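Undergrad: The structure is given below, and queries will be raised subsequently.
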Amino acid sequence: MLTIYGVYRSRASRNFWLLNEIDMPFDHVPVIQGYRLPDPEAENAPFNTLSPGFLSISPAGAVPVLKDGDFVLSESLAMNLYVARKAGGPLAPADARENALMEQWALYGVTAIEAHALAIMYAHAEGRAKSPEGEAEIAAEVARLRRPLGVLNSHLREHGHMVGGRFTVADINMAEILRYAQAEPGLLSGYPEIESWLAACHARPAFKAMWERRLAEPA
Ligand SMILES: N[C@@H](CCC(=O)N[C@@H](CS)C(=O)NCC(=O)O)C(=O)O
């Protein structure tokens with residue numbers, strides 16, 4: 001049985017969503033981000049990304065991490081591709097070309113979109129969005145997202161989904177990256193194909209089940 005290390009309020013959310021979709025049983029070891037704790041090294045601190053026991057599994061000190069027997073894998077998007085391939089079925093790549101396209105979109109999402117979308121989300125979450133500095137920061141990130149969001153919008157208009165004309169792990173990976181950009185009101189309405197595809201992704205029972213667990217966790 002797979003073990004997932006991480007909390008729902010982390011990038012592990014994308015792994016939990018996929019595992020719900022394919023109904024694969026897994027063990028869950030909650031590991032909270034060290035930076036969310038007042039003293040992550042305190043004796044009574046909960047198991048966290050700076051705990052020696054976690055660092056011995058994942059020297060990068062970040063969640064999520066997956067264990068499958070003695071096989072350890074980090075990087076949430078790589079984990080999802082591994083799990084989907086292991087499970088097979090419609091969410092997995094059907095052949096080498098689909099596999100390559102799923103890797104292509106995961107790398108595009110993480111290199112061209114995720115950091116900018118996250119910066120926007122943090123500007124809102126940390127209360128900077130309404131200050132002149134925050135507005136300038138968000139405007140710069142929105143400008144950096146213009147080209148990749150345009151690429152995705154055109155791709156979705158033509159193909160409906162990321163890969164293979166059906167809902168797959170590639171949609172989960174990209175949807176979880178784009179979710180951060182939703183923090184900026186009105187941003188995605190400029191990209192209607194993305195907006196409607198994302199709404200359809202979020203309407204899936206497996207996403208909703210993950211989201212419910214996430215909201216149940218302390219912020
Ligand atoms: N690219 C990595 C990013 C992992 C990452 O930064 N995880 C955050 C939580 S979402 C974390 O554990 N941060 C702890 C820290 O930076 O100390 C992935 O997708 O898994």
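FYI, nothing fancy with the structure tokens labels: chains A, B, ... in order, residues from 1 per chain, ligands from 1 as they appear.
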Would you name the residues within 9 Å of ligand 1, counting only C-alpha atoms and all ligand atoms, and put them as number ranges by chain?

TA: A: 6-7, 9-13, 31-36, 48-50, 60-65, 74-79, 110

Undergrad: Can you write just those residues out, N, CA, C and O atoms, as an mmCIF file, in the first residue's frame?

TA:
```
data_model
loop_
_atom_site.group_PDB
_atom_site.id
_atom_site.type_symbol
_atom_site.label_atom_id
_atom_site.label_comp_id
_atom_site.auth_asym_id
_atom_site.auth_seq_id
_atom_site.Cartn_x
_atom_site.Cartn_y
_atom_site.Cartn_z
ATOM 1 N N GLY A 6 2.256 14.224 4.135
ATOM 2 C CA GLY A 6 1.882 15.604 3.829
ATOM 3 C C GLY A 6 0.548 15.923 4.467
ATOM 4 O O GLY A 6 -0.071 15.055 5.091
ATOM 5 N N VAL A 7 0.126 17.159 4.325
ATOM 6 C CA VAL A 7 -1.187 17.565 4.834
ATOM 7 C C VAL A 7 -2.052 17.976 3.644
ATOM 8 O O VAL A 7 -1.542 18.228 2.547
ATOM 9 N N ARG A 9 -3.546 20.728 3.359
ATOM 10 C CA ARG A 9 -3.227 22.121 3.029
ATOM 11 C C ARG A 9 -1.776 22.212 2.568
ATOM 12 O O ARG A 9 -0.923 22.844 3.183
ATOM 13 N N SER A 10 -1.502 21.522 1.477
ATOM 14 C CA SER A 10 -0.173 21.531 0.844
ATOM 15 C C SER A 10 -0.366 20.979 -0.566
ATOM 16 O O SER A 10 -1.484 20.612 -0.944
ATOM 17 N N ARG A 11 0.726 20.883 -1.308
ATOM 18 C CA ARG A 11 0.600 20.326 -2.655
ATOM 19 C C ARG A 11 0.212 18.847 -2.633
ATOM 20 O O ARG A 11 -0.058 18.271 -3.685
ATOM 21 N N ALA A 12 0.165 18.233 -1.458
ATOM 22 C CA ALA A 12 -0.349 16.857 -1.378
ATOM 23 C C ALA A 12 -1.809 16.808 -1.829
ATOM 24 O O ALA A 12 -2.315 15.735 -2.174
ATOM 25 N N SER A 13 -2.488 17.965 -1.829
ATOM 26 C CA SER A 13 -3.901 17.992 -2.254
ATOM 27 C C SER A 13 -4.055 17.359 -3.635
ATOM 28 O O SER A 13 -5.019 16.649 -3.896
ATOM 29 N N VAL A 31 2.148 15.359 7.737
ATOM 30 C CA VAL A 31 3.406 16.090 7.973
ATOM 31 C C VAL A 31 3.111 17.542 7.623
ATOM 32 O O VAL A 31 2.817 17.860 6.465
ATOM 33 N N ILE A 32 3.186 18.422 8.612
ATOM 34 C CA ILE A 32 2.868 19.834 8.369
ATOM 35 C C ILE A 32 4.145 20.582 7.982
ATOM 36 O O ILE A 32 5.258 20.166 8.364
ATOM 37 N N GLN A 33 3.975 21.665 7.220
ATOM 38 C CA GLN A 33 5.126 22.476 6.835
ATOM 39 C C GLN A 33 5.729 23.104 8.105
ATOM 40 O O GLN A 33 5.013 23.750 8.882
ATOM 41 N N GLY A 34 7.045 22.981 8.247
ATOM 42 C CA GLY A 34 7.727 23.534 9.419
ATOM 43 C C GLY A 34 7.484 25.026 9.579
ATOM 44 O O GLY A 34 7.318 25.529 10.702
ATOM 45 N N TYR A 35 7.414 25.754 8.461
ATOM 46 C CA TYR A 35 7.274 27.217 8.567
ATOM 47 C C TYR A 35 5.914 27.643 9.111
ATOM 48 O O TYR A 35 5.721 28.800 9.479
ATOM 49 N N ARG A 36 4.987 26.693 9.195
ATOM 50 C CA ARG A 36 3.663 27.044 9.733
ATOM 51 C C ARG A 36 3.617 26.899 11.254
ATOM 52 O O ARG A 36 2.596 27.212 11.873
ATOM 53 N N ASN A 48 6.761 17.363 11.347
ATOM 54 C CA ASN A 48 6.776 18.433 10.346
ATOM 55 C C ASN A 48 7.967 18.275 9.405
ATOM 56 O O ASN A 48 8.813 17.394 9.578
ATOM 57 N N THR A 49 8.018 19.168 8.409
ATOM 58 C CA THR A 49 9.016 19.005 7.337
ATOM 59 C C THR A 49 10.455 19.182 7.839
ATOM 60 O O THR A 49 11.395 18.859 7.113
ATOM 61 N N LEU A 50 10.606 19.704 9.071
ATOM 62 C CA LEU A 50 11.959 19.846 9.629
ATOM 63 C C LEU A 50 12.268 18.777 10.677
ATOM 64 O O LEU A 50 13.359 18.764 11.255
ATOM 65 N N ALA A 60 14.959 17.005 1.151
ATOM 66 C CA ALA A 60 14.546 18.330 0.668
ATOM 67 C C ALA A 60 13.660 19.031 1.698
ATOM 68 O O ALA A 60 13.453 20.247 1.612
ATOM 69 N N GLY A 61 13.117 18.288 2.643
ATOM 70 C CA GLY A 61 12.323 18.910 3.698
ATOM 71 C C GLY A 61 11.045 19.550 3.190
ATOM 72 O O GLY A 61 10.649 20.623 3.655
ATOM 73 N N ALA A 62 10.405 18.898 2.238
ATOM 74 C CA ALA A 62 9.153 19.435 1.696
ATOM 75 C C ALA A 62 8.168 18.295 1.473
ATOM 76 O O ALA A 62 8.567 17.165 1.176
ATOM 77 N N VAL A 63 6.894 18.612 1.641
ATOM 78 C CA VAL A 63 5.842 17.655 1.324
ATOM 79 C C VAL A 63 5.202 18.056 -0.002
ATOM 80 O O VAL A 63 5.277 19.227 -0.375
ATOM 81 N N PRO A 64 4.608 17.107 -0.702
ATOM 82 C CA PRO A 64 4.369 15.719 -0.333
ATOM 83 C C PRO A 64 5.527 14.788 -0.703
ATOM 84 O O PRO A 64 6.386 15.143 -1.514
ATOM 85 N N VAL A 65 5.477 13.620 -0.070
ATOM 86 C CA VAL A 65 6.389 12.524 -0.407
ATOM 87 C C VAL A 65 5.554 11.247 -0.429
ATOM 88 O O VAL A 65 4.596 11.121 0.331
ATOM 89 N N SER A 74 9.484 12.083 -4.331
ATOM 90 C CA SER A 74 8.952 13.401 -3.984
ATOM 91 C C SER A 74 8.558 14.090 -5.289
ATOM 92 O O SER A 74 8.592 13.478 -6.346
ATOM 93 N N GLU A 75 8.193 15.358 -5.186
ATOM 94 C CA GLU A 75 7.669 16.156 -6.301
ATOM 95 C C GLU A 75 6.250 15.689 -6.634
ATOM 96 O O GLU A 75 6.030 14.655 -7.277
ATOM 97 N N SER A 76 5.305 16.524 -6.224
ATOM 98 C CA SER A 76 3.887 16.152 -6.297
ATOM 99 C C SER A 76 3.428 15.752 -7.699
ATOM 100 O O SER A 76 2.604 14.839 -7.843
ATOM 101 N N LEU A 77 3.940 16.434 -8.735
ATOM 102 C CA LEU A 77 3.456 16.136 -10.082
ATOM 103 C C LEU A 77 4.030 14.802 -10.572
ATOM 104 O O LEU A 77 3.329 14.003 -11.201
ATOM 105 N N ALA A 78 5.314 14.557 -10.240
ATOM 106 C CA ALA A 78 5.929 13.264 -10.576
ATOM 107 C C ALA A 78 5.211 12.146 -9.823
ATOM 108 O O ALA A 78 4.985 11.055 -10.371
ATOM 109 N N MET A 79 4.844 12.415 -8.583
ATOM 110 C CA MET A 79 4.117 11.415 -7.790
ATOM 111 C C MET A 79 2.799 11.068 -8.474
ATOM 112 O O MET A 79 2.431 9.891 -8.582
ATOM 113 N N VAL A 110 4.698 23.745 -14.062
ATOM 114 C CA VAL A 110 5.543 24.073 -12.918
ATOM 115 C C VAL A 110 6.594 25.143 -13.269
ATOM 116 O O VAL A 110 6.976 25.932 -12.400
#
```

Undergrad: Kindly assemble as a Markdown table a list of the stretch 91-142 of chain A residues that lie within 9 Å of stretch 155-168 of chain A, each paired with its nearest atom pair and their distance in Å to one decimal, using only C-alpha atoms, sorted first by chain and then by ascending residue number.

TA:
```
| residue | atom | partner | partner_atom | distance |
| --- | --- | --- | --- | --- |
| A:Leu91 | CA | A:Thr168 | CA | 3.8 |
| A:Ala92 | CA | A:Thr168 | CA | 6.3 |
| A:Pro93 | CA | A:Thr168 | CA | 7.8 |
| A:Ala94 | CA | A:Gly164 | CA | 8.4 |
| A:Glu98 | CA | A:Val163 | CA | 6.6 |
| A:Leu101 | CA | A:Val163 | CA | 6.7 |
| A:Met102 | CA | A:Val163 | CA | 6.7 |
| A:Trp105 | CA | A:Met162 | CA | 7.6 |
```

Undergrad: Using only C-alpha atoms, determine which residues lie at most 12 Å from A:Pro132, disregarding the query and same-chain residues fewer than 6 positions distant; provide the list as a CSV table (one decimal) with N, CA, C and O atoms, in the first residue's frame.

TA:
```csv
chain,number,residue,atom,x,y,z
A,123,ALA,N,0.2,37.0,-2.1
A,123,ALA,CA,0.0,38.5,-2.0
A,123,ALA,C,-1.4,38.7,-1.4
A,123,ALA,O,-1.6,39.6,-0.5
A,138,ILE,N,1.2,42.0,-8.0
A,138,ILE,CA,0.2,41.2,-8.7
A,138,ILE,C,0.2,41.5,-10.2
A,138,ILE,O,0.1,40.6,-11.0
A,139,ALA,N,0.2,42.8,-10.5
A,139,ALA,CA,0.1,43.2,-11.9
A,139,ALA,C,1.3,42.6,-12.7
A,139,ALA,O,1.2,42.1,-13.8
```

Undergrad: Which residues are near A:Asn20? Cut-off 8 Å, only C-alpha atoms, ignore same chain within fewer than 4 positions. Put them as a ChimeraX atom specification.

TA: /A:16,24,206-207,209-210

Undergrad: A:Gln182: which residues within 9 Å, counting only C-alpha atoms, same-chain residues fewer than 3 positions away excluded, as a list in words?

TA: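 Selected residues are Ala117, Ile120, Met121, Leu178, Arg179, Pro185, Gly186, Leu187 and Leu188 of chain A.
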
Undergrad: Dump N, CA and C atoms for the selected residues as a PDB file, in the first residue's frame?

TA:
```pdb
ATOM      1  N   ALA A 117       1.532  32.077 -10.170  1.00  0.00           N
ATOM      2  CA  ALA A 117       0.198  31.912  -9.573  1.00  0.00           C
ATOM      3  C   ALA A 117       0.303  31.889  -8.042  1.00  0.00           C
ATOM      4  N   ILE A 120       0.814  35.358  -6.568  1.00  0.00           N
ATOM      5  CA  ILE A 120      -0.466  36.084  -6.515  1.00  0.00           C
ATOM      6  C   ILE A 120      -1.272  35.621  -5.302  1.00  0.00           C
ATOM      7  N   MET A 121      -1.311  34.291  -5.120  1.00  0.00           N
ATOM      8  CA  MET A 121      -2.080  33.752  -3.993  1.00  0.00           C
ATOM      9  C   MET A 121      -1.534  34.266  -2.659  1.00  0.00           C
ATOM     10  N   LEU A 178      -3.346  25.852 -11.470  1.00  0.00           N
ATOM     11  CA  LEU A 178      -4.149  27.029 -11.820  1.00  0.00           C
ATOM     12  C   LEU A 178      -5.045  27.489 -10.674  1.00  0.00           C
ATOM     13  N   ARG A 179      -5.331  26.584  -9.749  1.00  0.00           N
ATOM     14  CA  ARG A 179      -6.185  26.961  -8.612  1.00  0.00           C
ATOM     15  C   ARG A 179      -5.600  28.164  -7.874  1.00  0.00           C
ATOM     16  N   PRO A 185      -9.205  38.045  -8.284  1.00  0.00           N
ATOM     17  CA  PRO A 185     -10.548  38.115  -8.856  1.00  0.00           C
ATOM     18  C   PRO A 185     -10.501  38.552 -10.322  1.00  0.00           C
ATOM     19  N   GLY A 186     -11.246  37.845 -11.155  1.00  0.00           N
ATOM     20  CA  GLY A 186     -11.378  38.253 -12.560  1.00  0.00           C
ATOM     21  C   GLY A 186     -10.252  37.797 -13.463  1.00  0.00           C
ATOM     22  N   LEU A 187      -9.138  37.310 -12.887  1.00  0.00           N
ATOM     23  CA  LEU A 187      -8.007  36.945 -13.758  1.00  0.00           C
ATOM     24  C   LEU A 187      -8.409  35.871 -14.768  1.00  0.00           C
ATOM     25  N   LEU A 188      -9.025  34.805 -14.292  1.00  0.00           N
ATOM     26  CA  LEU A 188      -9.304  33.687 -15.205  1.00  0.00           C
ATOM     27  C   LEU A 188     -10.490  33.956 -16.121  1.00  0.00           C
TER      28      LEU A 188
END
```

Undergrad: Run DSSP on the backbone and give me the residues of stretch 23-189 of chain A it puts in strand (DSSP E), as a PyMOL selection string.

TA: chain A and resi 26-29+65-68+71-74
